[in-house]
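Everything on this sheet refers to the single structure shown next.
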Amino acid sequence: MARSWRRAGIVALPFVLAWAAVLAVFTALRDRLPDPVATHMGPGGQADGFTGLGAFLPVATTLLLLPGLIASVVAYRSRMALGGQRMLVATGYGTAAMLGYDLVALLEANAGAVRAAQVAFPLWHLAVSFAVAGAVGGAGWLLAGRDAAPADEAAEAAEAAGPRLPLGKGETAVWTRSVGSPVLVVVGAGITLLGVVLTVVTDVTAESALIAVGLISLALSRCRVTVDRRGLSVAPWFAPRPRMRIPLERITKATSREARALGLGGWGYRIQPGRSALVLRSGDALFLRLATGKEFVVTVDDAATAAALLNTLVERDRTATGT
């Protein structure tokens with residue numbers, strides 16, 4: 001538990017520090033800022049987007065602390081050591097540094113302007129912003145420590161024949177489990193909230209896309225996995241369709257083992273060379289070896305029973321079809 005909180009704290013740290021820096025600069029310059037303030041610059045560095053002075057700090061707080069909260073929740077719930085999350089840490093540190101620098105630089109550019117439309121933002125700030133992001137992201141990479149030693153892939157590949165679930169002649173069985181993803185719930189809710197906040201307080205035009213992405217993440221944050229005589233199917237929690245189905249004839253073997261979400265490429269539907277995966281959390285996972293030579297993975301509780309039933313049904317299907 002203590003290590004989980006430590007991971008979450010390290011990941012959240014740069015976002016909190018960047019927010020504190022923006023808050024300090026905003027407080028110091030408040031009496032010199034126009035209302036509204038320029039918050040977006042065109043290609044030439046001239047202001048072409050504005051936010052009310054009273055809304056600036058809430059927007060900045062949302063932009064900085066909401067991603068920090070999401071990243072820290074992901075780090076807290078992950079079973080992977082911090083060293084195995086170096087990319088998450090480095091990306092978070094770089095993002096926080098870039099946002100913090102840009103917001104502070106915008107405040108400095110607005111200071112003393114009579115009207116926000118007169119504000120200019122030299123484009124060299126962008127180069128400095130990227131440099132700061134790279135330097136701080138590198139510091140986050142080093143702070144996370146070395147990656148844990150990779151698992152012995154040869155040992156994982158040396159699996160025995162898949163398990164079997166005894167079924168009598170003519171007997172059938174159905175296995176089903178529901179699995180949810182706290183990470184996708186947090187991410188979906190956070191993105192939706194960010195879209196709503198931007199809709200209310202700014203003239204940003206991408207808020208509808210953010211809300212749509214957030215709602216899709218929430219809709220797909222819980223699924224039902226079923227194994228029966230037709231094969232494996234995965235459907236969202238709220239409806240039987242749309243669903244993903246892998247028929248028995250496409251499956252050669254099913255196994256189960258512990259898996260880490262980041263080790264499978266992250267949360268959601270992931271596609272990697274030779275593998276696709278539906279990752280809702282770390283933990284027990286069902287691994288299917290397909291007739292194409294590729295692999296499909298779904299994280300779900302009691303995966304061992306699902307694998308045993310699938311192997312029995314696959315064997316019975318081959319016997320019945322003579323393949």
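To be explicit about the labels: the chains of the structure tokens are called A, B, and onward in the order shown, and within each one the residues are counted from 1, while ligands get numbers from 1 in the order they are shown.
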Next on the checklist: Show me, as a VMD selection string, the residues that have an atom within 12 Å of Arg30 of chain A when counting only C-alpha atoms, minus same-chain residues fewer than 2 positions from it.
Outcome noted: chain A and resid 22 to 28 32 to 37 53 to 54 56 to 57 107 to 108 110 to 113
Kindly assemble as JSON lines a list of the segment 226-291 of chain A residues that lie within 12 Å of segment 317-320 of chain A, each paired with its nearest atom pair and their distance in Å to one decimal, using only C-alpha atoms, sorted first by chain and then by ascending residue number.
{"residue": "A:Asp228", "atom": "CA", "partner": "A:Asp317", "partner_atom": "CA", "distance": 11.7}
{"residue": "A:Arg229", "atom": "CA", "partner": "A:Asp317", "partner_atom": "CA", "distance": 8.6}
{"residue": "A:Arg230", "atom": "CA", "partner": "A:Asp317", "partner_atom": "CA", "distance": 9.7}
{"residue": "A:Gly231", "atom": "CA", "partner": "A:Asp317", "partner_atom": "CA", "distance": 10.2}
{"residue": "A:Pro247", "atom": "CA", "partner": "A:Asp317", "partner_atom": "CA", "distance": 10.5}
{"residue": "A:Leu248", "atom": "CA", "partner": "A:Asp317", "partner_atom": "CA", "distance": 7.2}
{"residue": "A:Glu249", "atom": "CA", "partner": "A:Asp317", "partner_atom": "CA", "distance": 7.5}
{"residue": "A:Arg250", "atom": "CA", "partner": "A:Arg318", "partner_atom": "CA", "distance": 11.0}
{"residue": "A:Ile251", "atom": "CA", "partner": "A:Asp317", "partner_atom": "CA", "distance": 10.6}
{"residue": "A:Thr252", "atom": "CA", "partner": "A:Arg318", "partner_atom": "CA", "distance": 10.0}
Dump of C-alpha atoms for the selected residues, as a CSV table (one decimal), in the first residue's frame:
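Done, and the output landed in again_5.csv:
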chain,number,residue,atom,x,y,z
A,228,ASP,CA,-20.1,-21.3,-24.9
A,229,ARG,CA,-20.5,-23.8,-27.7
A,230,ARG,CA,-20.1,-20.9,-30.2
A,231,GLY,CA,-16.7,-19.8,-28.8
A,247,PRO,CA,-15.6,-19.0,-33.0
A,248,LEU,CA,-14.2,-22.3,-31.8
A,249,GLU,CA,-12.8,-23.2,-35.3
A,250,ARG,CA,-10.4,-20.2,-35.0
A,251,ILE,CA,-9.0,-21.2,-31.6
A,252,THR,CA,-6.2,-23.8,-31.3
